[in-house]
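Chemist: Just so it is clear, I am handing over start.txt, which has compact mmCIF, C-alpha atoms and all ligand atoms.
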```txt
# COMPACT_ATOMS: atom_id res chain seq x y z
CA MET X 20 4.53 -84.37 78.01
CA GLU X 21 3.11 -84.76 81.48
CA ASP X 22 0.16 -82.51 82.36
CA VAL X 23 1.12 -79.84 84.91
CA LEU X 24 -1.84 -81.08 87.00
CA ASP X 25 -0.27 -84.51 87.49
CA ARG X 26 3.01 -82.95 88.54
CA PHE X 27 1.21 -80.66 90.95
CA LEU X 28 -0.77 -83.53 92.52
CA ARG X 29 2.46 -85.48 93.02
CA TYR X 30 4.32 -82.57 94.63
CA VAL X 31 1.62 -81.41 97.06
CA LYS X 32 1.50 -84.88 98.65
CA ILE X 33 5.10 -84.43 99.83
CA ASP X 34 5.25 -82.63 103.17
CA THR X 35 7.75 -79.75 102.90
CA GLN X 36 6.62 -77.48 105.72
CA SER X 37 9.35 -75.11 106.89
CA GLU X 38 9.88 -73.93 110.47
CA GLU X 39 11.02 -70.76 112.17
CA ASN X 40 14.29 -72.07 113.65
CA GLY X 41 17.07 -70.25 111.83
CA LEU X 42 18.48 -73.47 110.31
CA HIS X 43 19.26 -73.84 106.58
CA PRO X 44 17.21 -75.69 105.52
CA SER X 45 14.85 -75.34 108.47
CA THR X 46 13.45 -78.86 107.96
CA LYS X 47 15.13 -81.92 106.43
CA LYS X 48 11.89 -83.10 104.83
CA GLN X 49 12.22 -80.41 102.17
CA PHE X 50 14.92 -82.68 100.69
CA ASP X 51 12.17 -85.21 99.85
CA LEU X 52 10.82 -82.88 97.18
CA ALA X 53 14.24 -81.47 96.25
CA ARG X 54 15.56 -84.98 95.47
CA LEU X 55 12.51 -85.83 93.40
CA LEU X 56 12.77 -82.60 91.39
CA ALA X 57 16.49 -83.13 90.73
CA GLU X 58 15.75 -86.69 89.56
CA GLU X 59 12.89 -85.56 87.33
CA LEU X 60 15.01 -82.77 85.85
CA ARG X 61 17.74 -85.28 85.03
CA GLY X 62 15.12 -87.62 83.60
CA MET X 63 13.78 -84.99 81.20
CA GLY X 64 17.28 -84.12 80.03
CA ALA X 65 17.90 -80.78 81.76
CA SER X 66 21.55 -79.70 82.03
CA GLU X 67 23.73 -78.88 85.03
CA VAL X 68 21.24 -80.43 87.46
CA PHE X 69 22.63 -79.90 90.94
CA LEU X 70 21.11 -80.66 94.32
CA ASP X 71 22.81 -78.69 97.09
CA GLU X 72 23.02 -81.46 99.72
CA GLU X 73 23.86 -79.01 102.46
CA TYR X 74 21.35 -76.18 101.96
CA CYS X 75 18.61 -77.88 99.89
CA TYR X 76 18.54 -75.86 96.68
CA VAL X 77 17.92 -77.47 93.28
CA TYR X 78 19.60 -75.88 90.26
CA ALA X 79 19.32 -76.76 86.59
CA SER X 80 19.70 -75.12 83.21
CA LEU X 81 18.35 -75.56 79.71
CA PRO X 82 20.92 -74.91 76.99
CA SER X 83 20.28 -72.26 74.39
CA ASN X 84 18.96 -73.60 71.09
CA LEU X 85 19.50 -70.37 69.19
CA PRO X 86 21.32 -70.52 65.84
CA GLU X 87 25.12 -70.05 65.91
CA GLY X 88 26.14 -66.51 66.69
CA LYS X 89 22.77 -65.41 68.08
CA THR X 90 22.72 -64.49 71.76
CA ALA X 91 20.04 -63.72 74.30
CA PRO X 92 20.05 -62.81 77.98
CA ARG X 93 19.95 -65.73 80.37
CA VAL X 94 16.52 -65.85 81.97
CA GLY X 95 15.94 -67.50 85.34
CA PHE X 96 12.82 -69.02 86.88
CA LEU X 97 12.45 -69.67 90.60
CA ALA X 98 9.85 -71.19 92.89
CA HIS X 99 9.95 -72.28 96.51
CA MET X 100 9.48 -75.86 97.66
CA ASP X 101 8.43 -75.26 101.27
CA THR X 102 4.93 -74.57 102.53
CA SER X 103 3.67 -72.24 105.24
CA ASN X 104 3.55 -73.42 108.84
CA ALA X 105 0.22 -71.66 109.43
CA VAL X 106 -1.64 -74.92 108.77
CA SER X 107 -0.35 -78.50 108.53
CA GLY X 108 1.10 -79.59 105.21
CA ALA X 109 1.38 -83.27 106.18
CA GLY X 110 -0.87 -85.82 104.49
CA VAL X 111 -2.29 -83.41 101.91
CA ASN X 112 -5.15 -85.16 100.15
CA PRO X 113 -5.76 -83.20 96.95
CA ARG X 114 -8.85 -83.61 94.83
CA VAL X 115 -9.99 -82.06 91.57
CA VAL X 116 -13.50 -80.58 91.56
CA GLU X 117 -15.38 -78.82 88.83
CA PHE X 118 -16.55 -75.54 90.38
CA THR X 119 -20.13 -74.89 89.36
CA GLY X 120 -20.77 -71.99 91.73
CA GLU X 121 -22.10 -74.37 94.39
CA ASP X 122 -20.24 -74.60 97.71
CA ILE X 123 -17.40 -77.11 97.92
CA ASP X 124 -17.52 -78.98 101.22
CA LEU X 125 -13.80 -79.68 101.61
CA GLY X 126 -13.94 -82.42 104.24
CA GLY X 127 -17.47 -83.64 103.57
CA ASP X 128 -18.41 -82.79 107.16
CA GLY X 129 -19.61 -79.20 106.66
CA LYS X 130 -16.74 -77.77 108.74
CA HIS X 131 -14.75 -76.17 105.95
CA VAL X 132 -16.81 -74.93 103.06
CA LEU X 133 -15.23 -73.17 100.08
CA GLY X 134 -17.97 -70.99 98.64
CA MET X 135 -18.81 -67.60 97.19
CA LYS X 136 -20.33 -66.37 100.45
CA ASP X 137 -16.95 -66.19 102.16
CA PHE X 138 -14.88 -65.87 98.99
CA PRO X 139 -16.84 -63.70 96.52
CA PHE X 140 -13.93 -63.69 94.02
CA LEU X 141 -14.74 -67.36 93.37
CA LYS X 142 -17.27 -66.17 90.80
CA ASP X 143 -14.29 -65.73 88.45
CA PHE X 144 -13.59 -69.46 88.73
CA ILE X 145 -17.05 -70.80 87.83
CA GLY X 146 -16.76 -73.55 85.22
CA GLN X 147 -13.10 -74.25 86.08
CA GLU X 148 -11.57 -77.38 87.55
CA LEU X 149 -10.07 -76.55 90.93
CA VAL X 150 -7.66 -78.55 93.06
CA VAL X 151 -8.60 -78.41 96.74
CA ALA X 152 -7.43 -80.15 99.93
CA ASP X 153 -9.75 -81.97 102.34
CA GLY X 154 -10.02 -79.30 105.05
CA SER X 155 -7.46 -80.90 107.36
CA THR X 156 -4.39 -79.31 105.71
CA LEU X 157 -3.39 -76.52 103.38
CA LEU X 158 -3.01 -77.46 99.72
CA GLY X 159 0.49 -76.16 99.05
CA ALA X 160 -0.28 -74.39 95.77
CA ASP X 161 1.99 -71.79 97.38
CA ASP X 162 4.32 -72.58 95.86
CA LYS X 163 4.11 -76.07 94.39
CA ALA X 164 1.94 -74.64 91.62
CA GLY X 165 4.96 -72.50 90.69
CA VAL X 166 7.28 -75.51 90.98
CA ALA X 167 5.01 -77.68 88.78
CA GLU X 168 4.67 -74.92 86.17
CA ILE X 169 8.42 -74.38 85.88
CA MET X 170 8.95 -78.15 85.61
CA ALA X 171 6.28 -78.40 82.91
CA MET X 172 7.83 -75.45 81.06
CA ALA X 173 11.23 -77.18 81.14
CA GLU X 174 9.79 -80.44 79.82
CA TYR X 175 7.91 -78.61 77.09
CA LEU X 176 10.99 -76.72 75.90
CA LEU X 177 13.15 -79.86 75.99
CA THR X 178 10.63 -81.72 73.82
CA HIS X 179 9.95 -78.78 71.46
CA PRO X 180 13.31 -77.71 70.05
CA GLU X 181 11.52 -75.58 67.46
CA VAL X 182 10.70 -73.11 70.27
CA ARG X 183 13.81 -70.94 70.34
CA HIS X 184 15.24 -69.62 73.59
CA GLY X 185 18.52 -68.56 75.13
CA LYS X 186 20.14 -70.41 78.03
CA LEU X 187 17.66 -70.67 80.89
CA SER X 188 18.25 -71.14 84.61
CA ILE X 189 15.97 -72.92 87.06
CA CYS X 190 16.17 -72.84 90.85
CA PHE X 191 13.92 -74.34 93.49
CA THR X 192 14.48 -72.88 96.95
CA PRO X 193 13.67 -73.93 100.52
CA ASP X 194 12.39 -71.87 103.46
CA GLU X 195 10.73 -68.96 101.65
CA GLU X 196 7.88 -68.99 104.18
CA VAL X 197 10.25 -68.42 107.09
CA GLY X 198 12.29 -65.72 105.38
CA GLY X 199 15.28 -67.94 104.54
CA GLY X 200 14.56 -68.57 100.88
CA VAL X 201 17.58 -66.87 99.43
CA ALA X 202 19.91 -67.00 102.44
CA LYS X 203 22.11 -69.72 100.94
CA ILE X 204 21.39 -69.37 97.23
CA ASP X 205 24.40 -69.58 94.94
CA LEU X 206 23.76 -66.90 92.33
CA GLY X 207 26.96 -67.83 90.55
CA ARG X 208 25.66 -71.33 89.97
CA PHE X 209 22.21 -70.02 89.06
CA GLY X 210 23.90 -67.84 86.46
CA ALA X 211 20.89 -65.87 85.22
CA ASP X 212 20.98 -62.22 84.18
CA PHE X 213 17.56 -61.69 85.74
CA GLY X 214 14.76 -63.89 86.95
CA TYR X 215 11.09 -64.38 87.63
CA THR X 216 9.76 -65.89 90.82
CA VAL X 217 6.62 -67.87 90.02
CA ASP X 218 4.93 -67.39 93.37
CA GLY X 219 1.87 -65.19 92.89
CA GLY X 220 -1.91 -65.53 92.74
CA PRO X 221 -4.47 -65.76 89.96
CA LEU X 222 -3.72 -65.70 86.24
CA GLY X 223 -2.45 -62.37 84.94
CA GLY X 224 -0.94 -61.20 88.21
CA MET X 225 2.54 -59.72 88.14
CA GLU X 226 4.38 -57.73 90.76
CA TYR X 227 7.55 -55.70 90.74
CA GLU X 228 6.91 -53.45 93.72
CA ASN X 229 6.89 -54.53 97.32
CA PHE X 230 7.20 -52.96 100.72
CA ASN X 231 10.32 -51.58 102.31
CA ALA X 232 10.31 -53.39 105.60
CA ALA X 233 11.81 -52.99 109.05
CA SER X 234 11.19 -54.43 112.47
CA GLY X 235 10.98 -52.08 115.44
CA PHE X 236 11.48 -53.11 119.02
CA LEU X 237 10.74 -50.88 122.00
CA THR X 238 11.78 -51.72 125.54
CA VAL X 239 10.32 -49.64 128.37
CA TYR X 240 11.99 -49.69 131.79
CA GLY X 241 9.57 -48.74 134.56
CA ARG X 242 9.97 -48.32 138.31
CA SER X 243 7.79 -50.32 140.64
CA SER X 244 6.76 -49.13 144.09
CA HIS X 245 3.88 -49.88 146.46
CA PRO X 246 0.78 -48.58 144.70
CA GLY X 247 -0.37 -47.03 148.01
CA SER X 248 2.66 -44.75 148.14
CA ALA X 249 3.66 -44.59 144.49
CA LYS X 250 2.87 -40.95 143.84
CA GLY X 251 5.84 -39.26 142.24
CA SER X 252 7.97 -42.39 142.16
CA MET X 253 6.24 -45.10 140.13
CA LYS X 254 6.80 -45.38 136.39
CA ASN X 255 4.41 -47.95 134.95
CA ALA X 256 6.13 -49.49 131.92
CA ILE X 257 2.83 -50.86 130.57
CA LEU X 258 1.22 -47.42 130.52
CA ILE X 259 4.29 -45.85 128.95
CA GLY X 260 4.17 -48.56 126.29
CA MET X 261 0.54 -47.69 125.59
CA GLU X 262 1.52 -44.03 125.38
CA PHE X 263 4.19 -44.93 122.83
CA GLN X 264 1.58 -46.57 120.60
CA SER X 265 -0.65 -43.50 120.98
CA LEU X 266 2.16 -41.34 119.60
CA LEU X 267 2.07 -43.23 116.29
CA PRO X 268 -0.41 -42.19 113.56
CA VAL X 269 -3.72 -43.90 114.29
CA PHE X 270 -4.66 -44.67 110.70
CA GLU X 271 -1.21 -45.87 109.61
CA ASN X 272 -2.16 -49.31 110.76
CA PRO X 273 -2.77 -52.55 108.83
CA MET X 274 -6.42 -52.39 109.92
CA TYR X 275 -6.94 -49.18 107.94
CA THR X 276 -4.51 -49.31 105.02
CA GLU X 277 -4.40 -50.76 101.50
CA GLY X 278 -2.70 -50.18 98.13
CA TYR X 279 0.38 -48.02 98.58
CA GLU X 280 -0.43 -47.02 102.17
CA GLY X 281 2.24 -48.02 104.68
CA PHE X 282 1.83 -48.80 108.36
CA PHE X 283 3.19 -49.48 111.84
CA HIS X 284 1.94 -52.84 113.04
CA LEU X 285 2.15 -53.67 116.75
CA CYS X 286 2.47 -57.46 116.67
CA ASP X 287 3.39 -58.21 120.25
CA PHE X 288 3.08 -56.36 123.58
CA HIS X 289 4.34 -57.91 126.81
CA GLY X 290 4.83 -56.24 130.10
CA ASP X 291 4.45 -55.50 133.77
CA VAL X 292 5.10 -52.37 135.80
CA GLU X 293 8.87 -52.76 135.67
CA LYS X 294 9.37 -53.66 132.05
CA ALA X 295 7.39 -53.74 128.84
CA THR X 296 8.39 -54.77 125.33
CA LEU X 297 6.58 -53.83 122.14
CA SER X 298 7.38 -55.47 118.78
CA TYR X 299 6.47 -53.75 115.56
CA ILE X 300 6.81 -54.22 111.87
CA ILE X 301 7.08 -51.05 109.80
CA ARG X 302 6.17 -51.05 106.10
CA ASP X 303 6.05 -48.57 103.24
CA HIS X 304 6.53 -48.86 99.45
CA ASP X 305 8.08 -45.41 99.29
CA ARG X 306 11.68 -45.22 100.46
CA GLU X 307 11.30 -41.68 101.87
CA LYS X 308 8.08 -42.40 103.72
CA PHE X 309 9.73 -45.55 105.04
CA ALA X 310 12.60 -43.46 106.42
CA GLU X 311 10.07 -41.00 107.92
CA LYS X 312 8.24 -43.84 109.65
CA LYS X 313 11.43 -45.10 111.22
CA ALA X 314 12.35 -41.55 112.28
CA ARG X 315 8.93 -41.14 113.87
CA PHE X 316 9.39 -44.39 115.78
CA ARG X 317 12.65 -43.07 117.24
CA ALA X 318 11.17 -39.63 117.90
CA ALA X 319 8.33 -41.16 119.92
CA ALA X 320 10.89 -42.98 122.09
CA ASP X 321 12.93 -39.77 122.46
CA PHE X 322 9.81 -37.88 123.51
CA LEU X 323 9.08 -40.42 126.25
CA ASN X 324 12.69 -40.29 127.43
CA GLY X 325 12.34 -36.52 127.68
CA LYS X 326 9.10 -36.84 129.59
CA TYR X 327 9.97 -39.69 131.98
CA GLY X 328 13.75 -39.43 132.16
CA ALA X 329 16.67 -40.63 130.05
CA GLY X 330 16.87 -44.40 129.69
CA THR X 331 13.13 -44.96 130.17
CA CYS X 332 12.91 -46.59 126.78
CA THR X 333 15.15 -47.86 124.04
CA ALA X 334 14.10 -48.17 120.41
CA GLU X 335 15.81 -50.63 118.09
CA LEU X 336 15.13 -50.72 114.38
CA LYS X 337 16.33 -53.26 111.88
CA ASP X 338 15.68 -53.21 108.13
CA SER X 339 14.35 -56.49 106.79
CA TYR X 340 14.06 -55.99 103.03
CA TYR X 341 13.55 -53.27 100.44
CA ASN X 342 11.25 -52.53 97.54
CA MET X 343 12.55 -54.25 94.40
CA LYS X 344 11.11 -51.45 92.26
CA GLU X 345 14.28 -49.37 92.36
CA VAL X 346 16.29 -52.32 91.01
CA ILE X 347 13.68 -53.25 88.38
CA LEU X 348 13.02 -49.73 87.02
CA PRO X 349 16.28 -49.54 85.05
CA HIS X 350 15.36 -52.93 83.49
CA MET X 351 11.67 -52.47 82.76
CA GLU X 352 11.95 -54.68 79.67
CA ILE X 353 11.80 -57.65 82.08
CA VAL X 354 8.31 -56.55 83.12
CA GLU X 355 7.29 -55.38 79.64
CA LYS X 356 8.20 -58.68 77.96
CA ALA X 357 6.17 -60.64 80.51
CA LYS X 358 3.22 -58.31 79.98
CA GLU X 359 3.47 -58.66 76.19
CA ALA X 360 3.64 -62.44 76.54
CA MET X 361 0.44 -62.33 78.59
CA VAL X 362 -1.38 -60.16 76.07
CA GLU X 363 -0.32 -62.42 73.21
CA LEU X 364 -1.81 -65.37 75.06
CA GLY X 365 -5.05 -63.53 75.75
CA ILE X 366 -4.28 -62.97 79.42
CA ALA X 367 -5.08 -59.55 80.92
CA PRO X 368 -2.03 -58.41 82.93
CA VAL X 369 -2.80 -57.18 86.44
CA VAL X 370 0.21 -55.37 87.85
CA ALA X 371 -0.18 -54.41 91.48
CA PRO X 372 2.13 -53.58 94.40
CA ILE X 373 2.72 -56.41 96.84
CA ARG X 374 1.84 -55.59 100.44
CA GLY X 375 4.63 -57.78 101.70
CA GLY X 376 7.96 -59.06 100.46
CA THR X 377 9.10 -61.77 98.10
CA ASP X 378 12.27 -63.73 97.60
CA GLY X 379 12.44 -61.77 94.36
CA ALA X 380 12.76 -58.54 96.32
CA MET X 381 15.78 -59.86 98.16
CA LEU X 382 17.24 -61.32 94.96
CA SER X 383 16.75 -57.98 93.23
CA HIS X 384 18.78 -56.25 95.91
CA MET X 385 21.41 -59.02 95.60
CA GLY X 386 21.80 -57.95 91.97
CA LEU X 387 19.31 -60.25 90.22
CA PRO X 388 16.27 -58.20 89.11
CA CYS X 389 13.36 -60.51 89.81
CA PRO X 390 9.66 -59.64 89.47
CA ASN X 391 6.98 -62.11 90.53
CA LEU X 392 4.50 -63.98 88.34
CA CYS X 393 1.14 -65.62 88.96
CA THR X 394 0.67 -69.35 89.71
CA GLY X 395 -3.10 -69.83 89.49
CA GLY X 396 -3.36 -70.53 93.23
CA MET X 397 -5.49 -68.66 95.78
CA ASN X 398 -6.22 -68.50 99.53
CA PHE X 399 -2.63 -69.27 100.44
CA HIS X 400 -1.55 -70.39 103.93
CA GLY X 401 -4.88 -71.93 104.84
CA ARG X 402 -7.30 -74.80 104.51
CA TYR X 403 -9.25 -73.01 101.78
CA GLU X 404 -6.28 -72.81 99.47
CA PHE X 405 -6.99 -73.97 95.94
CA ALA X 406 -5.43 -73.96 92.48
CA SER X 407 -7.17 -73.53 89.15
CA VAL X 408 -6.26 -76.26 86.67
CA PRO X 409 -6.88 -74.22 83.48
CA GLN X 410 -4.91 -71.31 84.95
CA MET X 411 -1.95 -73.54 85.81
CA ARG X 412 -1.95 -74.88 82.24
CA LYS X 413 -2.09 -71.34 80.87
CA ILE X 414 0.80 -70.25 83.09
CA VAL X 415 2.98 -73.05 81.67
CA GLU X 416 2.30 -71.54 78.22
CA LEU X 417 3.12 -68.12 79.63
CA LEU X 418 6.50 -69.22 80.99
CA VAL X 419 7.35 -70.82 77.65
CA ARG X 420 6.36 -67.64 75.84
CA ILE X 421 8.42 -65.46 78.21
CA ALA X 422 11.49 -67.64 77.61
CA GLU X 423 10.92 -67.33 73.88
CA LYS X 424 10.32 -63.57 73.90
CA HIS X 425 13.62 -62.77 75.57
CA ALA X 426 15.39 -64.47 72.65
CA GLU X 427 13.53 -62.52 69.98
CA ALA X 428 15.43 -59.68 68.38
ZN ZN X 501 4.92 -68.46 98.15
```
Kindly transcribe the structure held in the file into structure tokens.
Ligand SMILES: [Zn+2]

Modeler:
Amino acid sequence: MEDVLDRFLRYVKIDTQSEENGLHPSTKKQFDLARLLAEELRGMGASEVFLDEEYCYVYASLPSNLPEGKTAPRVGFLAHMDTSNAVSGAGVNPRVVEFTGEDIDLGGDGKHVLGMKDFPFLKDFIGQELVVADGSTLLGADDKAGVAEIMAMAEYLLTHPEVRHGKLSICFTPDEEVGGGVAKIDLGRFGADFGYTVDGGPLGGMEYENFNAASGFLTVYGRSSHPGSAKGSMKNAILIGMEFQSLLPVFENPMYTEGYEGFFHLCDFHGDVEKATLSYIIRDHDREKFAEKKARFRAAADFLNGKYGAGTCTAELKDSYYNMKEVILPHMEIVEKAKEAMVELGIAPVVAPIRGGTDGAMLSHMGLPCPNLCTGGMNFHGRYEFASVPQMRKIVELLVRIAEKHAEA
């Protein structure tokens, strides 16, 4: 049995950064890890190992080892192979450090220091071995910790036939970080009745609620004239754009919201007198409040068209993804079994709403209920990312226990 740490160290050294380019997969280098995983799965004796050579998905299954006549639902486990493009993922140089509470100088040059001053939650990790990068790249615990844990779970189950489980499905996906993680997934091949994405944070974390999400795009058409003689004729698109923002609720903004509070986030504003464009993302966990937010967005545009003349602005809204909660609620045993497995292993479950989306949310709405589980990684998408070695080991036990629980009567 290979330690999950050794797997993790091997996988993070492979550059799998994805890119925002609409291609599937977005980068060919993700195949470097996909090929290795397929090979390793074959090597450990997994069944139905399949590497999708076109779209870069890795599928495998573990056969049921239940006694004749006993059945169990088919549980799936998923993790994504790509890493965020916020910081380079090339040449990751991981190192294991025992965290004593003292600062960890990532690069040895004082430029990037991982310490409790900036990251007070680190106090929970005192006495643990942490994997860190060297300050020049991210680590890639998001989501190679999840990948390594699923691989270690598979190897454990294949070498411990006394642990009883139904048929299990495994899938490693590309392009999660650029929103393409499930675009080309073959759920028929995956074959699970429900799944767990292993793509969360510290030990005990589990999520089955996420935002409903839309993008909003406002275009303002102004009218330019000589500023010396503009009275009564000029329409300044920039100012009308600012007025649009002022019509939205001030505190429903990412700067002032947390928990279940939704928001309008102005992410881009470009313009001159003749034309201005404003890009928003709109988020709310509650389906009704989400609909109200979109209605308010349109109403603000309508108001400005009434004030400045028809055609002054156009509002376009496009839904991006929905809260998985409504799909999970009728199948709460998926969440309950994972929670019970945690408690049995001495892990305190922390169930919280995600202020974002997950591949699991999209999978849930594609018909595969799919909550998200912890990985033991923290500070994702940046140089300060790290993974806790004891937590990763515990999460392997957790995945094994979850597989086992779903086969219990
Ligand atoms: Zn992730």

Chemist: Nearest to Val68 of chain X: which of X:Ser188, X:Ser37, X:Gln147, X:Thr46 is it, counting only C-alpha atoms?

Modeler: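 Of X:Ser188, X:Ser37, X:Gln147, X:Thr46, the one nearest Val68 of chain X, counting only C-alpha atoms, is X:Ser188.
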
Chemist: In terms of the shortest atom-to-atom distance over only C-alpha atoms, which of X:Pro221, X:Pro268, X:Gly290, X:Pro349 is closest to Met411 of chain X?

Modeler: X:Pro221

Chemist: Could you check how far atom CA of Pro44 of chain X sits from atom CA of Cys190 of chain X, in Å to one decimal?

Modeler: 15.0 Å

Chemist: Looking at X:Val239, X:His131, X:Glu148, X:Asp71, which one is nearest to Thr296 of chain X, with distances taken over only C-alpha atoms?

Modeler: X:Val239

Chemist: Ligand ZN 501 (chain X): which residues are within 12 Å, counting only C-alpha atoms and all ligand atoms, as a PyMOL selection string?

Modeler: chain X and resi 36-37+97-104+159-166+191-198+200+216-220+375-379+391-400

Chemist: Rank nothing, just name the residue among X:Gly95, X:Gly129, X:Gly224, X:Gly207 nearest to Ile366 of chain X, using only C-alpha atoms.

Modeler: X:Gly224

Chemist: Need to verify the contact set: Pro388 of chain X, 7 Å, only C-alpha atoms, exclusion of same-chain residues closer than 6 positions in sequence. Can you return it as a PDB file with C-alpha atoms, keeping the file's coordinate frame?

Modeler:
```pdb
ATOM      1  CA  PHE X 213      17.560 -61.690  85.740  1.00  0.00           C
ATOM      2  CA  GLY X 214      14.760 -63.890  86.950  1.00  0.00           C
ATOM      3  CA  VAL X 346      16.290 -52.320  91.010  1.00  0.00           C
ATOM      4  CA  ILE X 347      13.680 -53.250  88.380  1.00  0.00           C
ATOM      5  CA  LEU X 382      17.240 -61.320  94.960  1.00  0.00           C
TER       6      LEU X 382
END
```

Chemist: Could you tell me how far atom CA of Phe118 of chain X sits from atom CA of Phe144 of chain X, in Å to one decimal place?

Modeler: 7.0 Å

Chemist: Quick one: of X:Asp305, X:Asn84, X:Val111, X:His289, who's nearest to His179 of chain X, counting all atoms listed in the file?

Modeler: X:Asn84

Chemist: From the set X:Val115, X:Gly185, X:Pro390, X:Phe288, which residue has the shortest atom-to-atom contact distance to Glu87 of chain X, counting only C-alpha atoms?

Modeler: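 Using only C-alpha atoms, Glu87 of chain X sits closest to X:Gly185.
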
Chemist: Just the number, please: distance in Å from atom CA of Glu21 of chain X to atom CA of Met170 of chain X, one decimal.

Modeler: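 One can read the atom CA of Glu21 of chain X to atom CA of Met170 of chain X distance as 9.7 Å.
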
Chemist: Might you pull out every residue within 8 Å of Cys332 of chain X, with only C-alpha atoms counted and same-chain residues fewer than 5 positions away left off, and present them as a list in words?

Modeler: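 Listing them by chain and then by number gives Leu237, Thr238, Val239, Tyr240, Ala320, Leu323 and Asn324 of chain X.
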